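Please read the structure below before turning to the comments.
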Amino acid sequence: MAAGADAIGVNFYRPSPRSIDLPTAQEIARAVAGQALVVGVFVNAPPEEILRLVEAVPLDAVQLHGDETPELAAQIPADIPIVRAYRCDQSGLAPLRKWLDDCERLGRCVAAVLIDAPGGPGEYGGTGKTVNWGDLRREAPRLGNVPLILAGGLRPENVAQAIGAVQPSGVDTASGVESAPGRKSPERVEAFVRAALAALNVSSAG
């Protein structure tokens with residue numbers, strides 16, 4: 001974590017080239033303890049599996065990156081922060097706002113939302129595609145006070161521009177810092193974090 005990232009995702013979605021097993025996730029958690037949050041990335045996993053891995057790794061938060069319902073989110077204990085990933089297409093943020101409202105009616109709030117680009121069938125992130133930043137900036141007020149984390153095709157070369165356009169609370173990357181699918185490039189990770197932190201500091205100062 002020498003690059004300075006605030007959080008690291010451990011992916012438990014087996015079809016993904018970025019998925020890892022439990023021992024690897026535990027090794028990562030030990031390595032970054034006290035330096036960064038460990039977020040488990042899940043796609044349509046049953047709540048029992050999510051809770052098992054929260055305890056076993058352990059995880060600081062869970063990211064729901066599939067088609068999870070508000071009812072599933074409500075089964076995750078309130079002391080476990082949830083990041084709700086949403087693939088933003090031409091429907092905009094209205095479906096996400098409804099999902100959040102339904103969660104709140106069930107007594108469950110999320111810690112943040114992660115806005116990703118839409119993919120093809122069976123694609124849940126990591127596509128390298130970008131969100132329409134201008135449209136997202138205009139729609140962001142729908143989220144109220146829920147922090148927005150921007151994802152979708154972010155790379156060292158475009159993350160500062162994306163932050164300037166959307167004004168998110170944070171950013172996330174996967175394929176944008178890889179030398180091959182599932183293989184992170186330390187140099188690109190460092191360049192991404194450096195560019196993101198500088199742009200976020202400018203954004204918060206403005």
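Residues in the structure tokens are named by chain (A, B, ... in the order shown) and by number from 1 within that chain; ligands are numbered from 1 in the order shown.
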In range 44-194 of chain A, DSSP strand (DSSP E or B) residues written as a VMD selection string: chain A and resid 61 to 64 82 to 87 112 to 116 148 to 150 170 to 171 178 to 180 183 to 184
Selected residues, C-alpha atoms, written as a PDB file, in the first residue's frame, please.
ATOM      1  CA  ALA A  61     -16.795  -3.568   4.209  1.00  0.00           C
ATOM      2  CA  VAL A  62     -18.632  -5.391   1.438  1.00  0.00           C
ATOM      3  CA  GLN A  63     -19.250  -4.226  -2.113  1.00  0.00           C
ATOM      4  CA  LEU A  64     -22.394  -5.597  -3.747  1.00  0.00           C
ATOM      5  CA  ILE A  82     -22.114  -1.753   2.313  1.00  0.00           C
ATOM      6  CA  VAL A  83     -20.896  -0.162  -0.914  1.00  0.00           C
ATOM      7  CA  ARG A  84     -23.575  -0.579  -3.560  1.00  0.00           C
ATOM      8  CA  ALA A  85     -22.169  -0.813  -7.078  1.00  0.00           C
ATOM      9  CA  TYR A  86     -24.421   0.374  -9.887  1.00  0.00           C
ATOM     10  CA  ARG A  87     -23.861   0.039 -13.615  1.00  0.00           C
ATOM     11  CA  ALA A 112     -21.472   4.660  -0.372  1.00  0.00           C
ATOM     12  CA  VAL A 113     -22.450   3.940  -3.951  1.00  0.00           C
ATOM     13  CA  LEU A 114     -19.957   2.996  -6.638  1.00  0.00           C
ATOM     14  CA  ILE A 115     -20.946   4.105 -10.121  1.00  0.00           C
ATOM     15  CA  ASP A 116     -19.593   1.834 -12.847  1.00  0.00           C
ATOM     16  CA  LEU A 148     -20.325   8.635  -4.668  1.00  0.00           C
ATOM     17  CA  ILE A 149     -17.312   6.560  -5.703  1.00  0.00           C
ATOM     18  CA  LEU A 150     -16.581   6.795  -9.416  1.00  0.00           C
ATOM     19  CA  GLY A 170     -13.520   8.737  -4.229  1.00  0.00           C
ATOM     20  CA  VAL A 171     -12.488   6.681  -7.250  1.00  0.00           C
ATOM     21  CA  GLU A 178      -3.328  -3.802 -15.015  1.00  0.00           C
ATOM     22  CA  SER A 179      -0.544  -5.088 -17.219  1.00  0.00           C
ATOM     23  CA  ALA A 180      -2.763  -8.084 -18.092  1.00  0.00           C
ATOM     24  CA  ARG A 183      -2.407  -8.650 -12.929  1.00  0.00           C
ATOM     25  CA  LYS A 184      -1.800  -5.244 -11.344  1.00  0.00           C
TER      26      LYS A 184
END
Residues near Gly92 in chain A, cut-off 9 Å, only C-alpha atoms, skip fewer than 5 positions along chain, as a list of chain:residue names: A:Asp135, A:Leu136, A:Glu139
Surrounding residues of Gln26 in chain A excluding itself and chain neighbours under 2 positions, 8 Å, only C-alpha atoms, as a PDB file with C-alpha atoms, in the first residue's frame:
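This is the output file out-v1.pdb:
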ATOM      1  CA  LEU A  22      -9.667 -17.074   0.940  1.00  0.00           C
ATOM      2  CA  PRO A  23      -5.994 -17.656   1.894  1.00  0.00           C
ATOM      3  CA  THR A  24      -4.880 -14.978  -0.579  1.00  0.00           C
ATOM      4  CA  ILE A  28      -3.684  -9.283   1.704  1.00  0.00           C
ATOM      5  CA  ALA A  29      -5.667  -8.288   4.797  1.00  0.00           C
ATOM      6  CA  ARG A  30      -2.671  -8.982   7.032  1.00  0.00           C
ATOM      7  CA  ALA A  56     -12.836 -15.222   7.883  1.00  0.00           C
ATOM      8  CA  VAL A  57     -10.729 -12.609   6.060  1.00  0.00           C
ATOM      9  CA  PRO A  58     -11.739 -10.318   7.956  1.00  0.00           C
TER      10      PRO A  58
END
Could you make a table, as a Markdown table, of the residues of range 46-131 of chain A that have an atom within 12 Å of an atom of range 157-162 of chain A, each with its nearest atom pair and distance in Å to one decimal, counting only C-alpha atoms, in chain and number order?
| residue | atom | partner | partner_atom | distance |
| --- | --- | --- | --- | --- |
| A:Gly128 | CA | A:Asn158 | CA | 11.9 |
| A:Thr130 | CA | A:Ala162 | CA | 9.4 |
| A:Val131 | CA | A:Ala162 | CA | 9.3 |
Write a file of the just-selected residues containing N, CA and C atoms, as a short mmCIF file (atom, residue, chain, number, x, y, z; two decimals), in the first residue's frame.
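As written to disk, result-v4.cif reads:
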data_model
loop_
_atom_site.label_atom_id
_atom_site.label_comp_id
_atom_site.auth_asym_id
_atom_site.auth_seq_id
_atom_site.Cartn_x
_atom_site.Cartn_y
_atom_site.Cartn_z
N GLY A 128 -13.37 -1.74 -18.59
CA GLY A 128 -12.57 -0.69 -19.20
C GLY A 128 -13.39 0.41 -19.84
N THR A 130 -16.03 3.65 -19.83
CA THR A 130 -16.24 4.79 -18.93
C THR A 130 -17.72 5.16 -18.85
N VAL A 131 -18.06 5.81 -17.75
CA VAL A 131 -19.38 6.39 -17.56
C VAL A 131 -19.42 7.74 -18.28
#
Backbone DSSP call of alpha helix (DSSP H) for range 11-206 of chain A, listed as a PyMOL selection string: chain A and resi 22-32+47-56+70-74+94-105+133-139+159-166+186-205
Could you save the residues just selected, with C-alpha atoms, as a short mmCIF file (atom, residue, chain, number, x, y, z; two decimals), in the first residue's frame?
data_model
loop_
_atom_site.label_atom_id
_atom_site.label_comp_id
_atom_site.auth_asym_id
_atom_site.auth_seq_id
_atom_site.Cartn_x
_atom_site.Cartn_y
_atom_site.Cartn_z
CA LEU A 22 -9.67 -17.07 0.94
CA PRO A 23 -5.99 -17.66 1.89
CA THR A 24 -4.88 -14.98 -0.58
CA ALA A 25 -7.49 -12.55 0.76
CA GLN A 26 -6.31 -13.23 4.31
CA GLU A 27 -2.70 -12.61 3.29
CA ILE A 28 -3.68 -9.28 1.70
CA ALA A 29 -5.67 -8.29 4.80
CA ARG A 30 -2.67 -8.98 7.03
CA ALA A 31 -0.35 -7.03 4.73
CA VAL A 32 -2.50 -3.86 4.72
CA PRO A 47 -25.77 -13.56 2.47
CA GLU A 48 -24.40 -16.59 4.31
CA GLU A 49 -21.31 -16.62 2.09
CA ILE A 50 -20.83 -12.87 2.49
CA LEU A 51 -21.00 -13.08 6.28
CA ARG A 52 -18.67 -16.09 6.36
CA LEU A 53 -16.00 -14.22 4.43
CA VAL A 54 -16.49 -11.02 6.44
CA GLU A 55 -15.47 -13.02 9.50
CA ALA A 56 -12.84 -15.22 7.88
CA PRO A 70 -32.63 -4.49 -1.03
CA GLU A 71 -33.91 -7.54 0.86
CA LEU A 72 -30.49 -9.17 0.59
CA ALA A 73 -28.75 -6.00 1.71
CA ALA A 74 -31.03 -5.86 4.74
CA ALA A 94 -33.35 6.70 -10.97
CA PRO A 95 -33.22 2.89 -10.50
CA LEU A 96 -30.39 3.27 -7.99
CA ARG A 97 -32.34 5.91 -6.07
CA LYS A 98 -35.31 3.53 -5.86
CA TRP A 99 -33.01 0.74 -4.64
CA LEU A 100 -31.62 3.01 -1.93
CA ASP A 101 -35.11 4.12 -0.89
CA ASP A 102 -36.27 0.50 -0.67
CA CYS A 103 -33.25 -0.30 1.50
CA GLU A 104 -34.03 2.59 3.81
CA ARG A 105 -37.60 1.35 4.19
CA TRP A 133 -19.24 11.94 -16.69
CA GLY A 134 -21.32 14.95 -17.66
CA ASP A 135 -24.62 13.08 -17.34
CA LEU A 136 -23.51 11.62 -14.02
CA ARG A 137 -22.60 15.03 -12.62
CA ARG A 138 -26.06 16.33 -13.53
CA GLU A 139 -27.80 13.33 -11.95
CA VAL A 159 -8.60 9.92 -13.51
CA ALA A 160 -7.87 13.61 -12.84
CA GLN A 161 -10.20 14.65 -15.67
CA ALA A 162 -12.90 12.31 -14.34
CA ILE A 163 -12.63 13.73 -10.83
CA GLY A 164 -12.84 17.26 -12.15
CA ALA A 165 -15.94 16.41 -14.17
CA VAL A 166 -17.89 14.41 -11.57
CA PRO A 186 2.74 -1.47 -9.44
CA GLU A 187 3.85 1.47 -11.58
CA ARG A 188 0.34 2.11 -12.91
CA VAL A 189 -1.19 1.71 -9.45
CA GLU A 190 1.23 4.28 -8.06
CA ALA A 191 0.59 6.67 -10.95
CA PHE A 192 -3.18 6.28 -10.55
CA VAL A 193 -3.17 6.92 -6.81
CA ARG A 194 -0.85 9.91 -7.19
CA ALA A 195 -3.04 11.50 -9.87
CA ALA A 196 -6.27 10.70 -8.01
CA LEU A 197 -5.11 12.11 -4.68
CA ALA A 198 -3.90 15.32 -6.29
CA ALA A 199 -7.20 15.80 -8.13
CA LEU A 200 -9.33 14.93 -5.09
CA ASN A 201 -7.40 17.46 -3.03
CA VAL A 202 -8.06 20.15 -5.63
CA SER A 203 -11.73 19.13 -5.78
CA SER A 204 -12.21 19.31 -2.01
CA ALA A 205 -10.37 22.65 -1.82
#
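The space between CA of Thr173 in chain A and CA of Gly152 in chain A spans 7.1 Å.
The closest residue to Asn44 in chain A, picked from A:Gln75, A:Asp60, A:Tyr13, A:Leu154 and counting only C-alpha atoms, is A:Tyr13.
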Residues within 8 Å of Val43 in chain A, only C-alpha atoms, excluding chain neighbours under 4 positions, as a PDB file with C-alpha atoms, in the first residue's frame:
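To be explicit, this is the file written out as result16.pdb:
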ATOM      1  CA  PHE A  12     -14.743 -13.210  -4.622  1.00  0.00           C
ATOM      2  CA  TYR A  13     -16.616 -13.440  -7.930  1.00  0.00           C
ATOM      3  CA  LEU A  64     -22.394  -5.597  -3.747  1.00  0.00           C
ATOM      4  CA  HIS A  65     -21.540  -5.561  -7.436  1.00  0.00           C
ATOM      5  CA  GLY A  66     -24.288  -7.708  -8.909  1.00  0.00           C
ATOM      6  CA  ASP A  67     -28.068  -7.691  -9.015  1.00  0.00           C
ATOM      7  CA  GLU A  68     -28.558  -7.900  -5.264  1.00  0.00           C
ATOM      8  CA  TYR A 124     -19.896  -7.025 -13.625  1.00  0.00           C
TER       9      TYR A 124
END
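A straight line drawn from CA of Ala5 in chain A to CA of Asn145 in chain A is 23.1 Å long.
When CA of Val10 in chain A is paired with CA of Leu37 in chain A, their separation reads 10.5 Å.
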Shortest interatomic distance to Pro168 in chain A - which of A:Pro181, A:Arg155, A:Pro147, A:Val41, counting only C-alpha atoms: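 Nearest to Pro168 in chain A: A:Pro147.
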